[in-house]
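The next block is final-v4.cif, given as mmCIF, C-alpha atoms.
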data_entry
loop_
_atom_site.group_PDB
_atom_site.id
_atom_site.type_symbol
_atom_site.label_atom_id
_atom_site.label_comp_id
_atom_site.auth_asym_id
_atom_site.auth_seq_id
_atom_site.Cartn_x
_atom_site.Cartn_y
_atom_site.Cartn_z
ATOM 1 C CA MET A 208 -4.304 0.416 27.476
ATOM 2 C CA PHE A 209 -2.467 1.775 24.404
ATOM 3 C CA LEU A 210 0.998 0.377 23.723
ATOM 4 C CA GLY A 211 1.896 2.970 21.084
ATOM 5 C CA LEU A 212 1.289 3.638 17.429
ATOM 6 C CA ARG A 213 1.459 0.637 15.127
ATOM 7 C CA THR A 214 -0.181 1.203 11.750
ATOM 8 C CA VAL A 215 -1.648 3.947 9.597
ATOM 9 C CA ILE A 216 -3.878 2.775 6.751
ATOM 10 C CA TYR A 217 -4.516 5.205 3.911
ATOM 11 C CA PRO A 218 -7.481 4.812 1.564
ATOM 12 C CA ALA A 219 -6.164 4.058 -1.923
ATOM 13 C CA PRO A 220 -8.973 3.758 -4.503
ATOM 14 C CA ASP A 221 -6.294 3.736 -7.235
ATOM 15 C CA LEU A 222 -3.978 1.259 -5.540
ATOM 16 C CA ALA A 223 -1.379 1.171 -8.334
ATOM 17 C CA ALA A 224 -1.012 4.969 -8.370
ATOM 18 C CA ALA A 225 -0.885 5.161 -4.562
ATOM 19 C CA LYS A 226 1.690 2.376 -4.374
ATOM 20 C CA ALA A 227 3.882 4.105 -6.985
ATOM 21 C CA TRP A 228 3.629 7.435 -5.163
ATOM 22 C CA TRP A 229 4.435 6.039 -1.712
ATOM 23 C CA THR A 230 7.280 3.907 -3.112
ATOM 24 C CA SER A 231 8.770 7.060 -4.618
ATOM 25 C CA VAL A 232 8.315 9.144 -1.464
ATOM 26 C CA LEU A 233 9.565 6.477 0.940
ATOM 27 C CA GLY A 234 12.352 5.186 -1.294
ATOM 28 C CA ILE A 235 11.467 1.569 -0.493
ATOM 29 C CA GLU A 236 9.335 -1.149 -2.027
ATOM 30 C CA PRO A 237 6.375 -2.527 -0.085
ATOM 31 C CA TYR A 238 7.074 -5.683 1.894
ATOM 32 C CA PHE A 239 3.471 -6.820 1.359
ATOM 33 C CA ASP A 240 1.890 -6.249 -2.034
ATOM 34 C CA GLU A 241 -1.497 -7.749 -2.820
ATOM 35 C CA PRO A 242 -4.538 -6.434 -4.722
ATOM 36 C CA PHE A 243 -6.406 -6.027 -1.401
ATOM 37 C CA TYR A 244 -3.630 -4.384 0.686
ATOM 38 C CA VAL A 245 -0.149 -2.925 0.302
ATOM 39 C CA GLY A 246 2.129 -2.541 3.320
ATOM 40 C CA PHE A 247 5.406 -0.690 3.813
ATOM 41 C CA ASN A 248 7.682 -1.121 6.833
ATOM 42 C CA VAL A 249 8.750 2.403 7.792
ATOM 43 C CA GLY A 250 11.116 2.395 10.756
ATOM 44 C CA GLY A 251 9.379 -0.629 12.233
ATOM 45 C CA TYR A 252 5.880 0.798 11.773
ATOM 46 C CA GLU A 253 3.304 -0.091 9.146
ATOM 47 C CA LEU A 254 2.202 2.391 6.484
ATOM 48 C CA SER A 255 -0.516 0.688 4.497
ATOM 49 C CA LEU A 256 -2.744 1.282 1.502
ATOM 50 C CA ASP A 257 -6.297 -0.046 1.362
ATOM 51 C CA PRO A 258 -8.153 0.023 -1.971
ATOM 52 C CA SER A 259 -11.422 -0.475 -0.050
ATOM 53 C CA GLY A 260 -10.751 2.447 2.291
ATOM 54 C CA ASP A 261 -13.051 5.451 2.229
ATOM 55 C CA PRO A 262 -11.240 8.682 1.254
ATOM 56 C CA ALA A 263 -14.008 10.661 2.998
ATOM 57 C CA VAL A 264 -13.001 9.022 6.296
ATOM 58 C CA GLY A 265 -9.292 9.522 5.612
ATOM 59 C CA PRO A 266 -6.438 7.505 7.069
ATOM 60 C CA VAL A 267 -7.104 5.325 10.090
ATOM 61 C CA THR A 268 -4.454 5.143 12.806
ATOM 62 C CA TYR A 269 -4.225 1.858 14.685
ATOM 63 C CA TRP A 270 -2.951 1.879 18.262
ATOM 64 C CA GLY A 271 -1.359 -1.265 19.630
ATOM 65 C CA VAL A 272 -3.149 -3.046 22.468
ATOM 66 C CA ARG A 273 -2.475 -6.302 24.312
ATOM 67 C CA ASP A 274 -6.012 -7.645 23.869
ATOM 68 C CA VAL A 275 -8.185 -6.040 21.194
ATOM 69 C CA GLU A 276 -11.451 -7.363 22.638
ATOM 70 C CA VAL A 277 -10.726 -5.916 26.091
ATOM 71 C CA ALA A 278 -9.606 -2.600 24.573
ATOM 72 C CA LEU A 279 -12.708 -2.437 22.394
ATOM 73 C CA LYS A 280 -14.945 -2.902 25.448
ATOM 74 C CA GLN A 281 -13.046 -0.155 27.294
ATOM 75 C CA VAL A 282 -13.342 2.467 24.537
ATOM 76 C CA VAL A 283 -17.009 1.628 23.944
ATOM 77 C CA ALA A 284 -17.674 1.981 27.690
ATOM 78 C CA ALA A 285 -15.987 5.395 27.467
ATOM 79 C CA GLY A 286 -18.425 6.521 24.754
ATOM 80 C CA ALA A 287 -17.072 5.285 21.411
ATOM 81 C CA THR A 288 -19.252 3.423 18.912
ATOM 82 C CA VAL A 289 -18.126 0.316 17.064
ATOM 83 C CA ARG A 290 -17.283 0.908 13.402
ATOM 84 C CA GLN A 291 -15.634 -2.473 12.784
ATOM 85 C CA ALA A 292 -15.955 -5.402 15.161
ATOM 86 C CA VAL A 293 -12.900 -7.453 16.077
ATOM 87 C CA GLN A 294 -11.627 -9.472 13.157
ATOM 88 C CA GLU A 295 -8.585 -11.619 12.475
ATOM 89 C CA VAL A 296 -6.625 -10.287 9.491
ATOM 90 C CA GLY A 297 -4.005 -13.046 9.337
ATOM 91 C CA GLY A 298 -1.050 -14.288 11.326
ATOM 92 C CA GLY A 299 -2.776 -13.857 14.670
ATOM 93 C CA ILE A 300 -3.251 -10.114 14.093
ATOM 94 C CA ARG A 301 -6.636 -8.850 15.258
ATOM 95 C CA VAL A 302 -8.100 -5.415 14.609
ATOM 96 C CA ALA A 303 -11.173 -3.346 15.444
ATOM 97 C CA ALA A 304 -12.197 0.256 14.867
ATOM 98 C CA VAL A 305 -14.484 2.696 16.637
ATOM 99 C CA VAL A 306 -15.730 6.218 16.154
ATOM 100 C CA GLU A 307 -14.730 8.241 19.198
ATOM 101 C CA PRO A 308 -17.100 10.887 20.610
ATOM 102 C CA ALA A 309 -15.604 13.736 18.525
ATOM 103 C CA GLY A 310 -16.223 11.745 15.321
ATOM 104 C CA SER A 311 -12.751 10.471 14.422
ATOM 105 C CA VAL A 312 -12.057 6.837 13.607
ATOM 106 C CA LEU A 313 -9.761 5.100 16.089
ATOM 107 C CA GLY A 314 -8.181 1.769 15.179
ATOM 108 C CA LEU A 315 -7.097 -0.893 17.664
ATOM 109 C CA ILE A 316 -4.615 -3.619 16.733
ATOM 110 C CA GLU A 317 -3.357 -6.658 18.604
ATOM 111 C CA ASN A 318 -0.228 -7.766 16.771
ATOM 112 C CA PRO A 319 1.841 -10.512 18.411
ATOM 113 C CA HIS A 320 4.597 -10.013 15.810
ATOM 114 C CA PHE A 321 5.204 -6.294 16.404
ATOM 115 C CA VAL A 322 8.718 -5.508 17.611
ATOM 116 C CA LEU A 323 10.449 -2.173 17.169
ATOM 117 C CA PRO A 324 13.993 -2.345 15.823
ATOM 118 C CA GLU A 325 16.686 -1.499 18.358
ATOM 119 C CA THR A 326 18.003 1.208 16.064
ATOM 120 C CA LEU A 327 16.339 3.058 13.261
ATOM 121 C CA PRO A 328 17.982 3.860 9.919
ATOM 122 C CA GLY A 329 20.498 6.676 10.412
ATOM 123 C CA GLU A 330 20.863 6.225 14.167
ATOM 124 C CA GLY A 331 24.373 6.030 15.479
ATOM 125 C CA GLU A 332 25.792 8.022 12.578
ATOM 126 C CA GLY A 333 27.097 11.561 12.582
ATOM 127 C CA PRO A 334 27.540 14.145 15.328
ATOM 128 C CA GLY A 335 25.071 14.270 18.180
ATOM 129 C CA ARG A 336 23.715 10.770 17.650
#
What is this file in structure tokens?
Amino acid sequence: MFLGLRTVIYPAPDLAAAKAWWTSVLGIEPYFDEPFYVGFNVGGYELSLDPSGDPAVGPVTYWGVRDVEVALKQVVAAGATVRQAVQEVGGGIRVAAVVEPAGSVLGLIENPHFVLPETLPGEGEGPGR
């Protein structure tokens, strides 16, 4: 069912401070920068900041799936409870989130635009690569 990791969304109640910190740590500017969401492309994966996120919950990891509605039904049938129903977030990207039986939040994302780069920064350089 899972296609691999896609996105990690960090709660960022002070979005400006979080954006400045992550920009400094990552050494790149966000590719998406709006008052409701900031996104960085890190090696083909999304590291995002959500000013509406709950710091008590912590970051939410979104796993790629082919069909978010089918995946949601499967994890609920396996004992998870719905935290966020399927919703379109733009560009054909659909997400949902559940609380799995141990209490952690599990995100599901159907993203028709997701493609990993063939090489990551630094690959193909230096000995042993």
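Interatomic distance, atom CA of Pro258 of chain A against atom CA of Ala219 of chain A: 4.5 Å.
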Please, which residues in segment 229-279 of chain A fall within 6 Å of segment 210-214 of chain A when counting all atoms listed in the file, and what is the closest atom pair and distance in Å to one decimal for each, ordered by chain then residue number, as a tab-separated table?
residue	atom	partner	partner_atom	distance
A:Tyr252	CA	A:Arg213	CA	5.6
A:Glu253	CA	A:Thr214	CA	4.5
A:Leu254	CA	A:Thr214	CA	5.9
A:Thr268	CA	A:Thr214	CA	5.9
A:Tyr269	CA	A:Thr214	CA	5.0
A:Trp270	CA	A:Leu212	CA	4.7
A:Gly271	CA	A:Leu210	CA	5.0
A:Val272	CA	A:Leu210	CA	5.5
What would the selection look like, as a PDB file with C-alpha atoms, keeping the file's coordinate frame, if the PyMOL selection byres ((chain A and resi 235-248) around 12) were run on the coordinates I just shared?
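See part26.pdb below for the written result:
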ATOM      1  CA  ARG A 213       1.459   0.637  15.127  1.00  0.00           C
ATOM      2  CA  THR A 214      -0.181   1.203  11.750  1.00  0.00           C
ATOM      3  CA  VAL A 215      -1.648   3.947   9.597  1.00  0.00           C
ATOM      4  CA  ILE A 216      -3.878   2.775   6.751  1.00  0.00           C
ATOM      5  CA  TYR A 217      -4.516   5.205   3.911  1.00  0.00           C
ATOM      6  CA  PRO A 218      -7.481   4.812   1.564  1.00  0.00           C
ATOM      7  CA  ALA A 219      -6.164   4.058  -1.923  1.00  0.00           C
ATOM      8  CA  PRO A 220      -8.973   3.758  -4.503  1.00  0.00           C
ATOM      9  CA  ASP A 221      -6.294   3.736  -7.235  1.00  0.00           C
ATOM     10  CA  LEU A 222      -3.978   1.259  -5.540  1.00  0.00           C
ATOM     11  CA  ALA A 223      -1.379   1.171  -8.334  1.00  0.00           C
ATOM     12  CA  ALA A 224      -1.012   4.969  -8.370  1.00  0.00           C
ATOM     13  CA  ALA A 225      -0.885   5.161  -4.562  1.00  0.00           C
ATOM     14  CA  LYS A 226       1.690   2.376  -4.374  1.00  0.00           C
ATOM     15  CA  ALA A 227       3.882   4.105  -6.985  1.00  0.00           C
ATOM     16  CA  TRP A 228       3.629   7.435  -5.163  1.00  0.00           C
ATOM     17  CA  TRP A 229       4.435   6.039  -1.712  1.00  0.00           C
ATOM     18  CA  THR A 230       7.280   3.907  -3.112  1.00  0.00           C
ATOM     19  CA  SER A 231       8.770   7.060  -4.618  1.00  0.00           C
ATOM     20  CA  VAL A 232       8.315   9.144  -1.464  1.00  0.00           C
ATOM     21  CA  LEU A 233       9.565   6.477   0.940  1.00  0.00           C
ATOM     22  CA  GLY A 234      12.352   5.186  -1.294  1.00  0.00           C
ATOM     23  CA  VAL A 249       8.750   2.403   7.792  1.00  0.00           C
ATOM     24  CA  GLY A 250      11.116   2.395  10.756  1.00  0.00           C
ATOM     25  CA  GLY A 251       9.379  -0.629  12.233  1.00  0.00           C
ATOM     26  CA  TYR A 252       5.880   0.798  11.773  1.00  0.00           C
ATOM     27  CA  GLU A 253       3.304  -0.091   9.146  1.00  0.00           C
ATOM     28  CA  LEU A 254       2.202   2.391   6.484  1.00  0.00           C
ATOM     29  CA  SER A 255      -0.516   0.688   4.497  1.00  0.00           C
ATOM     30  CA  LEU A 256      -2.744   1.282   1.502  1.00  0.00           C
ATOM     31  CA  ASP A 257      -6.297  -0.046   1.362  1.00  0.00           C
ATOM     32  CA  PRO A 258      -8.153   0.023  -1.971  1.00  0.00           C
ATOM     33  CA  SER A 259     -11.422  -0.475  -0.050  1.00  0.00           C
ATOM     34  CA  GLY A 260     -10.751   2.447   2.291  1.00  0.00           C
ATOM     35  CA  VAL A 296      -6.625 -10.287   9.491  1.00  0.00           C
ATOM     36  CA  PHE A 321       5.204  -6.294  16.404  1.00  0.00           C
ATOM     37  CA  VAL A 322       8.718  -5.508  17.611  1.00  0.00           C
ATOM     38  CA  LEU A 323      10.449  -2.173  17.169  1.00  0.00           C
ATOM     39  CA  PRO A 324      13.993  -2.345  15.823  1.00  0.00           C
ATOM     40  CA  LEU A 327      16.339   3.058  13.261  1.00  0.00           C
ATOM     41  CA  PRO A 328      17.982   3.860   9.919  1.00  0.00           C
TER      42      PRO A 328
END
Next item on the list: With the file shown as input, list the residues that the PyMOL selection byres ((chain A and resi 315) around 8) selects, as a PyMOL selection string.
Entry: chain A and resi 269-272+275+278-279+302-304+313-314+316-317
Check: Using all atoms listed in the file, which residue out of A:Val305, A:Pro266, A:Gly310, A:His320 lies closest to Val283 of chain A?
Finding: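 For Val283 of chain A, the nearest of the given residues is A:Val305.
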Margin query: Rounded to one decimal, what separation in Å do you get between atom CA of Ala309 of chain A and atom CA of Glu276 of chain A?
Written below: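 Rounded to one decimal, the two atoms are 21.9 Å apart.
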Margin query: Can you pull out the residues contacting Ala287 of chain A? Cut-off 7 Å, using all atoms listed in the file, and skip same-chain residues under 6 positions away; I want them as a PyMOL selection string.
Written below: chain A and resi 305-308
Checklist line | Interatomic distance, atom CA of Phe209 of chain A to atom CA of Asn318 of chain A (Å, one decimal) | finding: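 For atom CA of Phe209 of chain A relative to atom CA of Asn318 of chain A, the distance reads 12.4 Å.
Using all atoms listed in the file, the smallest distance between any of A:Gly265, A:Pro319, A:Asp274, A:Thr288 and Ile300 of chain A comes from A:Pro319.
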